[in-house]
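The file my_file.cif comes next; it holds mmCIF, N, CA and C atoms.
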data_coords
#
loop_
_atom_site.label_atom_id
_atom_site.label_comp_id
_atom_site.auth_asym_id
_atom_site.auth_seq_id
_atom_site.Cartn_x
_atom_site.Cartn_y
_atom_site.Cartn_z
N MET A 448 127.60 110.45 202.15
CA MET A 448 128.90 111.12 202.23
C MET A 448 129.95 110.10 202.67
N ILE A 449 131.16 110.26 202.23
CA ILE A 449 132.26 109.37 202.58
C ILE A 449 132.46 109.41 204.10
N PRO A 450 132.55 108.25 204.77
CA PRO A 450 132.66 108.23 206.23
C PRO A 450 133.78 109.10 206.78
N LYS A 451 134.98 109.03 206.22
CA LYS A 451 136.10 109.80 206.76
C LYS A 451 135.88 111.30 206.53
N LEU A 452 135.22 111.65 205.40
CA LEU A 452 134.92 113.05 205.13
C LEU A 452 133.95 113.58 206.17
N THR A 453 133.00 112.74 206.59
CA THR A 453 132.07 113.13 207.63
C THR A 453 132.82 113.43 208.93
N THR A 454 133.80 112.59 209.26
CA THR A 454 134.61 112.80 210.45
C THR A 454 135.37 114.12 210.36
N LEU A 455 135.88 114.43 209.18
CA LEU A 455 136.62 115.68 209.00
C LEU A 455 135.74 116.89 209.25
N LEU A 456 134.46 116.77 208.93
CA LEU A 456 133.56 117.91 209.06
C LEU A 456 132.91 118.02 210.44
N GLU A 457 133.08 117.02 211.29
CA GLU A 457 132.56 117.10 212.66
C GLU A 457 133.31 118.18 213.42
N SER A 458 132.62 118.88 214.28
CA SER A 458 133.23 119.91 215.15
C SER A 458 134.05 120.89 214.32
N LEU A 459 133.50 121.31 213.21
CA LEU A 459 134.21 122.17 212.27
C LEU A 459 134.71 123.45 212.92
N GLY A 460 133.89 124.08 213.74
CA GLY A 460 134.26 125.37 214.35
C GLY A 460 135.48 125.27 215.25
N ILE A 461 135.46 124.33 216.19
CA ILE A 461 136.58 124.23 217.13
C ILE A 461 137.85 123.80 216.42
N LYS A 462 137.73 122.89 215.44
CA LYS A 462 138.91 122.47 214.69
C LYS A 462 139.50 123.64 213.90
N ALA A 463 138.62 124.45 213.33
CA ALA A 463 139.10 125.60 212.54
C ALA A 463 139.80 126.62 213.43
N VAL A 464 139.23 126.90 214.59
CA VAL A 464 139.84 127.88 215.51
C VAL A 464 141.19 127.37 215.99
N LEU A 465 141.25 126.12 216.44
CA LEU A 465 142.53 125.55 216.89
C LEU A 465 143.55 125.56 215.76
N SER A 466 143.11 125.22 214.56
CA SER A 466 144.02 125.18 213.41
C SER A 466 144.56 126.55 213.07
N LEU A 467 143.71 127.57 213.13
CA LEU A 467 144.17 128.93 212.86
C LEU A 467 145.22 129.37 213.87
N ILE A 468 144.97 129.09 215.14
CA ILE A 468 145.91 129.48 216.19
C ILE A 468 147.25 128.77 216.00
N ILE A 469 147.22 127.46 215.78
CA ILE A 469 148.45 126.69 215.63
C ILE A 469 149.18 127.10 214.36
N THR A 470 148.43 127.33 213.28
CA THR A 470 149.05 127.77 212.02
C THR A 470 149.75 129.10 212.20
N ALA A 471 149.09 130.04 212.90
CA ALA A 471 149.69 131.35 213.14
C ALA A 471 150.98 131.21 213.94
N LEU A 472 150.97 130.36 214.95
CA LEU A 472 152.17 130.15 215.76
C LEU A 472 153.29 129.50 214.95
N ALA A 473 152.95 128.49 214.15
CA ALA A 473 153.97 127.81 213.33
C ALA A 473 154.56 128.77 212.31
N THR A 474 153.72 129.61 211.71
CA THR A 474 154.20 130.58 210.74
C THR A 474 155.09 131.62 211.41
N ALA A 475 154.69 132.03 212.61
CA ALA A 475 155.46 133.05 213.33
C ALA A 475 156.86 132.56 213.69
N ILE A 476 157.00 131.27 213.97
CA ILE A 476 158.33 130.77 214.33
C ILE A 476 159.03 130.11 213.13
N GLY A 477 158.39 130.18 211.95
CA GLY A 477 159.03 129.69 210.73
C GLY A 477 159.10 128.19 210.62
N GLN A 478 158.15 127.49 211.16
CA GLN A 478 158.15 126.03 211.13
C GLN A 478 157.06 125.51 210.20
N ASN A 479 157.12 125.88 208.93
CA ASN A 479 156.07 125.51 207.99
C ASN A 479 155.96 124.00 207.78
N LEU A 480 157.06 123.28 207.70
CA LEU A 480 157.00 121.84 207.47
C LEU A 480 156.67 121.04 208.73
N LEU A 481 156.74 121.68 209.88
CA LEU A 481 156.45 121.00 211.13
C LEU A 481 155.05 120.39 211.13
N ALA A 482 154.10 121.08 210.55
CA ALA A 482 152.72 120.58 210.54
C ALA A 482 152.63 119.23 209.83
N TYR A 483 153.38 119.05 208.75
CA TYR A 483 153.35 117.78 208.02
C TYR A 483 154.03 116.67 208.79
N GLU A 484 155.12 117.01 209.46
CA GLU A 484 155.82 116.01 210.27
C GLU A 484 154.94 115.55 211.43
N VAL A 485 154.31 116.49 212.08
CA VAL A 485 153.41 116.16 213.20
C VAL A 485 152.23 115.35 212.69
N LEU A 486 151.66 115.74 211.56
CA LEU A 486 150.52 115.01 211.00
C LEU A 486 150.91 113.56 210.71
N PHE A 487 152.07 113.33 210.14
CA PHE A 487 152.53 111.98 209.84
C PHE A 487 152.60 111.14 211.12
N ILE A 488 153.18 111.69 212.15
CA ILE A 488 153.30 110.98 213.44
C ILE A 488 151.93 110.71 214.03
N LEU A 489 151.03 111.69 213.94
CA LEU A 489 149.69 111.51 214.50
C LEU A 489 148.89 110.44 213.74
N ILE A 490 149.06 110.35 212.44
CA ILE A 490 148.39 109.30 211.67
C ILE A 490 148.86 107.93 212.14
N ILE A 491 150.16 107.80 212.37
CA ILE A 491 150.70 106.53 212.88
C ILE A 491 150.13 106.22 214.26
N LEU A 492 150.11 107.22 215.15
CA LEU A 492 149.58 107.01 216.50
C LEU A 492 148.09 106.67 216.47
N ASP A 493 147.34 107.34 215.60
CA ASP A 493 145.91 107.05 215.49
C ASP A 493 145.70 105.63 214.99
N THR A 494 146.51 105.22 214.02
CA THR A 494 146.39 103.86 213.50
C THR A 494 146.71 102.84 214.60
N LEU A 495 147.78 103.07 215.35
CA LEU A 495 148.15 102.15 216.43
C LEU A 495 147.08 102.09 217.52
N THR A 496 146.59 103.25 217.95
CA THR A 496 145.55 103.24 218.99
C THR A 496 144.25 102.63 218.44
N GLY A 497 143.98 102.82 217.15
CA GLY A 497 142.81 102.21 216.54
C GLY A 497 142.93 100.69 216.50
N VAL A 498 144.12 100.18 216.18
CA VAL A 498 144.35 98.73 216.18
C VAL A 498 144.18 98.19 217.60
N MET A 499 144.76 98.89 218.57
CA MET A 499 144.63 98.45 219.96
C MET A 499 143.16 98.44 220.39
N LYS A 500 142.40 99.45 219.98
CA LYS A 500 140.97 99.50 220.29
C LYS A 500 140.25 98.33 219.63
N GLY A 501 140.60 98.03 218.36
CA GLY A 501 139.98 96.91 217.67
C GLY A 501 140.27 95.58 218.34
N VAL A 502 141.51 95.40 218.80
CA VAL A 502 141.88 94.18 219.51
C VAL A 502 141.09 94.08 220.81
N LYS A 503 141.00 95.18 221.53
CA LYS A 503 140.26 95.18 222.80
C LYS A 503 138.78 94.86 222.59
N ASN A 504 138.18 95.46 221.54
CA ASN A 504 136.75 95.25 221.27
C ASN A 504 136.48 94.01 220.42
N LYS A 505 137.55 93.29 220.06
CA LYS A 505 137.45 92.08 219.25
C LYS A 505 136.72 92.34 217.93
N ASN A 506 137.01 93.50 217.31
CA ASN A 506 136.39 93.81 216.02
C ASN A 506 137.43 94.35 215.02
N LEU A 507 138.65 93.86 215.16
CA LEU A 507 139.70 94.24 214.23
C LEU A 507 139.44 93.54 212.90
N SER A 508 139.43 94.33 211.82
CA SER A 508 139.14 93.73 210.51
C SER A 508 139.92 94.45 209.43
N SER A 509 139.96 93.81 208.25
CA SER A 509 140.65 94.43 207.13
C SER A 509 139.92 95.70 206.68
N ARG A 510 138.64 95.79 206.95
CA ARG A 510 137.87 96.99 206.62
C ARG A 510 138.45 98.22 207.33
N ARG A 511 138.87 98.04 208.55
CA ARG A 511 139.46 99.16 209.32
C ARG A 511 140.76 99.62 208.66
N PHE A 512 141.55 98.68 208.18
CA PHE A 512 142.80 99.06 207.50
C PHE A 512 142.50 99.74 206.16
N ARG A 513 141.45 99.27 205.49
CA ARG A 513 141.03 99.92 204.25
C ARG A 513 140.58 101.35 204.53
N ASP A 514 139.86 101.55 205.63
CA ASP A 514 139.44 102.90 206.02
C ASP A 514 140.65 103.80 206.26
N THR A 515 141.71 103.24 206.87
CA THR A 515 142.93 104.00 207.10
C THR A 515 143.57 104.39 205.77
N ALA A 516 143.59 103.47 204.82
CA ALA A 516 144.14 103.78 203.49
C ALA A 516 143.31 104.88 202.83
N HIS A 517 141.99 104.80 202.95
CA HIS A 517 141.12 105.84 202.38
C HIS A 517 141.39 107.19 203.05
N LYS A 518 141.61 107.17 204.35
CA LYS A 518 141.91 108.41 205.08
C LYS A 518 143.20 109.03 204.55
N ILE A 519 144.22 108.23 204.38
CA ILE A 519 145.50 108.74 203.90
C ILE A 519 145.36 109.31 202.48
N ILE A 520 144.58 108.63 201.64
CA ILE A 520 144.35 109.14 200.29
C ILE A 520 143.59 110.47 200.34
N LEU A 521 142.55 110.54 201.16
CA LEU A 521 141.79 111.78 201.30
C LEU A 521 142.66 112.92 201.83
N TYR A 522 143.45 112.64 202.86
CA TYR A 522 144.35 113.65 203.40
C TYR A 522 145.34 114.13 202.33
N SER A 523 145.86 113.18 201.56
CA SER A 523 146.81 113.55 200.50
C SER A 523 146.16 114.45 199.47
N ILE A 524 144.94 114.12 199.08
CA ILE A 524 144.22 114.96 198.11
C ILE A 524 144.01 116.36 198.66
N LEU A 525 143.62 116.45 199.92
CA LEU A 525 143.40 117.78 200.53
C LEU A 525 144.70 118.58 200.60
N ILE A 526 145.79 117.94 200.98
CA ILE A 526 147.08 118.64 201.10
C ILE A 526 147.59 119.07 199.71
N ILE A 527 147.47 118.18 198.74
CA ILE A 527 147.91 118.53 197.38
C ILE A 527 147.05 119.66 196.81
N SER A 528 145.74 119.61 197.06
CA SER A 528 144.85 120.69 196.60
C SER A 528 145.23 122.02 197.23
N ALA A 529 145.51 122.00 198.52
CA ALA A 529 145.91 123.23 199.20
C ALA A 529 147.22 123.75 198.63
N HIS A 530 148.15 122.86 198.35
CA HIS A 530 149.43 123.25 197.78
C HIS A 530 149.24 123.89 196.40
N GLN A 531 148.37 123.30 195.59
CA GLN A 531 148.11 123.86 194.27
C GLN A 531 147.44 125.23 194.37
N LEU A 532 146.57 125.41 195.34
CA LEU A 532 145.94 126.71 195.56
C LEU A 532 146.99 127.76 195.91
N VAL A 533 147.94 127.39 196.73
CA VAL A 533 149.02 128.31 197.11
C VAL A 533 149.87 128.66 195.88
N ARG A 534 150.08 127.70 195.01
CA ARG A 534 150.85 127.99 193.78
C ARG A 534 150.12 129.01 192.91
N LEU A 535 148.79 128.96 192.93
CA LEU A 535 148.00 129.93 192.15
C LEU A 535 147.99 131.31 192.80
N SER A 536 147.98 131.31 194.12
CA SER A 536 147.94 132.57 194.85
C SER A 536 148.86 132.50 196.07
N PRO A 537 150.11 132.92 195.92
CA PRO A 537 151.07 132.83 197.03
C PRO A 537 150.64 133.56 198.31
N MET A 538 149.69 134.47 198.19
CA MET A 538 149.20 135.17 199.38
C MET A 538 148.48 134.21 200.33
N LEU A 539 148.11 133.05 199.82
CA LEU A 539 147.41 132.06 200.63
C LEU A 539 148.33 131.01 201.23
N GLN A 540 149.61 131.34 201.39
CA GLN A 540 150.59 130.38 201.93
C GLN A 540 150.11 129.77 203.24
N TRP A 541 149.46 130.54 204.05
CA TRP A 541 148.97 130.07 205.34
C TRP A 541 147.95 128.93 205.18
N PHE A 542 147.22 128.90 204.06
CA PHE A 542 146.15 127.94 203.88
C PHE A 542 146.69 126.50 203.82
N GLU A 543 147.83 126.32 203.20
CA GLU A 543 148.43 124.99 203.11
C GLU A 543 148.75 124.46 204.52
N ASP A 544 149.32 125.31 205.34
CA ASP A 544 149.62 124.91 206.73
C ASP A 544 148.33 124.67 207.52
N PHE A 545 147.34 125.52 207.27
CA PHE A 545 146.05 125.40 207.95
C PHE A 545 145.44 124.02 207.69
N VAL A 546 145.46 123.58 206.44
CA VAL A 546 144.90 122.27 206.10
C VAL A 546 145.62 121.16 206.86
N ALA A 547 146.94 121.21 206.88
CA ALA A 547 147.71 120.18 207.59
C ALA A 547 147.41 120.20 209.09
N VAL A 548 147.32 121.39 209.66
CA VAL A 548 147.02 121.49 211.10
C VAL A 548 145.60 121.03 211.39
N TYR A 549 144.67 121.37 210.52
CA TYR A 549 143.28 120.93 210.70
C TYR A 549 143.21 119.40 210.72
N LEU A 550 143.91 118.77 209.81
CA LEU A 550 143.94 117.31 209.77
C LEU A 550 144.61 116.76 211.03
N ALA A 551 145.65 117.43 211.51
CA ALA A 551 146.34 117.00 212.74
C ALA A 551 145.40 117.09 213.94
N VAL A 552 144.62 118.17 214.02
CA VAL A 552 143.66 118.32 215.13
C VAL A 552 142.64 117.19 215.08
N THR A 553 142.19 116.84 213.88
CA THR A 553 141.26 115.72 213.71
C THR A 553 141.89 114.42 214.24
N GLU A 554 143.15 114.21 213.93
CA GLU A 554 143.85 113.01 214.40
C GLU A 554 144.01 113.01 215.93
N VAL A 555 144.34 114.15 216.49
CA VAL A 555 144.49 114.24 217.95
C VAL A 555 143.19 113.87 218.65
N LEU A 556 142.07 114.39 218.16
CA LEU A 556 140.78 114.07 218.76
C LEU A 556 140.48 112.57 218.66
N SER A 557 140.84 111.97 217.54
CA SER A 557 140.64 110.53 217.37
C SER A 557 141.53 109.73 218.32
N ILE A 558 142.77 110.16 218.48
CA ILE A 558 143.70 109.48 219.39
C ILE A 558 143.19 109.56 220.83
N ILE A 559 142.70 110.73 221.22
CA ILE A 559 142.18 110.89 222.59
C ILE A 559 140.95 110.02 222.79
N GLU A 560 140.09 109.96 221.78
CA GLU A 560 138.90 109.12 221.88
C GLU A 560 139.31 107.64 221.99
N ASN A 561 140.25 107.21 221.16
CA ASN A 561 140.74 105.82 221.23
C ASN A 561 141.36 105.53 222.60
N ALA A 562 142.16 106.45 223.09
CA ALA A 562 142.82 106.27 224.40
C ALA A 562 141.77 106.13 225.50
N HIS A 563 140.73 106.94 225.43
CA HIS A 563 139.66 106.87 226.42
C HIS A 563 139.00 105.50 226.39
N ILE A 564 138.71 104.99 225.19
CA ILE A 564 138.10 103.68 225.05
C ILE A 564 139.03 102.58 225.56
N LEU A 565 140.34 102.80 225.42
CA LEU A 565 141.33 101.82 225.90
C LEU A 565 141.52 101.88 227.41
N GLY A 566 140.86 102.83 228.07
CA GLY A 566 140.93 102.89 229.52
C GLY A 566 141.79 104.00 230.09
N VAL A 567 142.34 104.84 229.23
CA VAL A 567 143.11 105.98 229.73
C VAL A 567 142.13 106.95 230.38
N VAL A 568 142.39 107.28 231.62
CA VAL A 568 141.50 108.18 232.34
C VAL A 568 141.85 109.62 232.00
N LEU A 569 140.86 110.33 231.48
CA LEU A 569 141.05 111.74 231.15
C LEU A 569 140.46 112.59 232.26
N PRO A 570 141.06 113.76 232.52
CA PRO A 570 140.44 114.66 233.49
C PRO A 570 139.01 114.98 233.07
N ASP A 571 138.13 115.16 234.04
CA ASP A 571 136.72 115.42 233.74
C ASP A 571 136.53 116.59 232.80
N TRP A 572 137.31 117.67 233.01
CA TRP A 572 137.11 118.85 232.17
C TRP A 572 137.49 118.57 230.72
N VAL A 573 138.48 117.69 230.50
CA VAL A 573 138.86 117.33 229.13
C VAL A 573 137.75 116.50 228.51
N SER A 574 137.26 115.50 229.24
CA SER A 574 136.18 114.66 228.73
C SER A 574 134.95 115.48 228.40
N GLU A 575 134.59 116.39 229.30
CA GLU A 575 133.40 117.22 229.08
C GLU A 575 133.54 118.09 227.84
N LYS A 576 134.70 118.74 227.69
CA LYS A 576 134.93 119.60 226.52
C LYS A 576 134.91 118.80 225.23
N LEU A 577 135.60 117.66 225.23
CA LEU A 577 135.64 116.84 224.03
C LEU A 577 134.25 116.32 223.67
N CYS A 578 133.52 115.87 224.65
CA CYS A 578 132.16 115.39 224.38
C CYS A 578 131.29 116.50 223.81
N LYS A 579 131.43 117.69 224.37
CA LYS A 579 130.65 118.83 223.89
C LYS A 579 130.98 119.14 222.44
N TYR A 580 132.27 119.24 222.13
CA TYR A 580 132.68 119.60 220.78
C TYR A 580 132.42 118.48 219.77
N LEU A 581 132.51 117.24 220.21
CA LEU A 581 132.29 116.11 219.31
C LEU A 581 130.81 115.75 219.21
N GLY A 582 129.99 116.34 220.08
CA GLY A 582 128.57 116.03 220.05
C GLY A 582 128.26 114.64 220.54
N HIS A 583 129.03 114.16 221.52
CA HIS A 583 128.88 112.82 222.05
C HIS A 583 128.46 112.89 223.53
N ASP A 584 127.90 111.79 223.97
CA ASP A 584 127.67 111.57 225.40
C ASP A 584 128.69 110.53 225.83
N ARG A 585 129.70 110.95 226.61
CA ARG A 585 130.75 110.04 227.06
C ARG A 585 131.38 109.27 225.92
N PHE A 586 131.73 109.90 224.85
CA PHE A 586 132.38 109.32 223.68
C PHE A 586 131.52 108.27 222.99
N GLY A 587 130.23 108.31 223.22
CA GLY A 587 129.32 107.46 222.46
C GLY A 587 128.36 108.37 221.71
N PRO A 588 127.89 108.00 220.53
CA PRO A 588 126.99 108.87 219.78
C PRO A 588 125.73 109.18 220.57
N LYS A 589 125.17 110.34 220.30
CA LYS A 589 123.94 110.72 220.99
C LYS A 589 122.80 109.82 220.58
#
The structure in this file should be written as structure tokens.
Amino acid sequence: MIPKLTTLLESLGIKAVLSLIITALATAIGQNLLAYEVLFILIILDTLTGVMKGVKNKNLSSRRFRDTAHKIILYSILIISAHQLVRLSPMLQWFEDFVAVYLAVTEVLSIIENAHILGVVLPDWVSEKLCKYLGHDRFGPK
């Protein structure tokens, strides 16, 4: 399976629940495009924290940048597919926002993981919850 696709499918349940809640709130306040704006900013932050992590671990490589390009292409395909689905069935308008929010939640988890590796101290309850949902022991694979 494609590495980034595997990341998207990790912790599917919690990401889906968070995405549904955020999508419902965004729809309720009429901020449909907000999800895309936030996603764009989060991709930039994830890339920056990833570069910082690579510099710290002395493993920054062009492969990492290629992975980022693949992620952006995959995200674009998912968003375009969701948009086309909405065009076929306008009753599914929420689904397009859901996809964007789901991707944003994925980015937030990656940013938090990168920040933790960079030395940002997270409250114990945050670390415990994230480790549980990500299936990690202290942000390292089991």
>> Under the PyMOL selection byres (((chain A and resi 515 and name CA) around 12) and name CA), which residues of this model are included? Write them out as a list in words.
In response: Pro450, Lys451, Ile490, Ile491, Leu492, Asp493, Thr494, Leu495, Gly497, Val498, Ser508, Ser509, Arg510, Arg511, Phe512, Arg513, Asp514, Ala516, His517, Lys518, Ile519, Ile520, Leu521, Tyr522 and Glu554 of chain A
> What do you get, as a list in words, if you spell out every residue that the PyMOL selection byres ((chain A and resi 556-566) around 7) selects here?
Replying inline: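 That selection, the PyMOL selection byres ((chain A and resi 556-566) around 7), comes back as Leu492, Asp493, Thr496, Gly497, Met499, Lys500, Ala551, Val552, Thr553, Glu554, Val555, Val567, Val568, Leu569 and Phe586 of chain A.
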> Applied to the shown file, which residues does the PyMOL selection byres ((chain A and resi 548) around 7) return, written as a ChimeraX atom specification?
Replying inline: /A:465-466,469-470,482-483,543-547,549-553
>> One number please: atom C of Phe542 of chain A to atom C of Ala529 of chain A, in Å, one decimal.
In response: 5.9 Å
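Atom CA of Cys578 of chain A sits 13.8 Å away from atom CA of Lys462 of chain A.
Coordinates place atom CA of Leu539 of chain A at a distance of 14.2 Å from atom N of Ile526 of chain A.
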Let me have the centre and edge lengths in Å, one decimal, of the box along x, y and z around every listed atom of segment 524-527 of chain A with 3 Å of margin on each side, as AutoDock Vina command-line options.
--center_x 145.7 --center_y 116.9 --center_z 199.0 --size_x 10.5 --size_y 11.5 --size_z 10.3
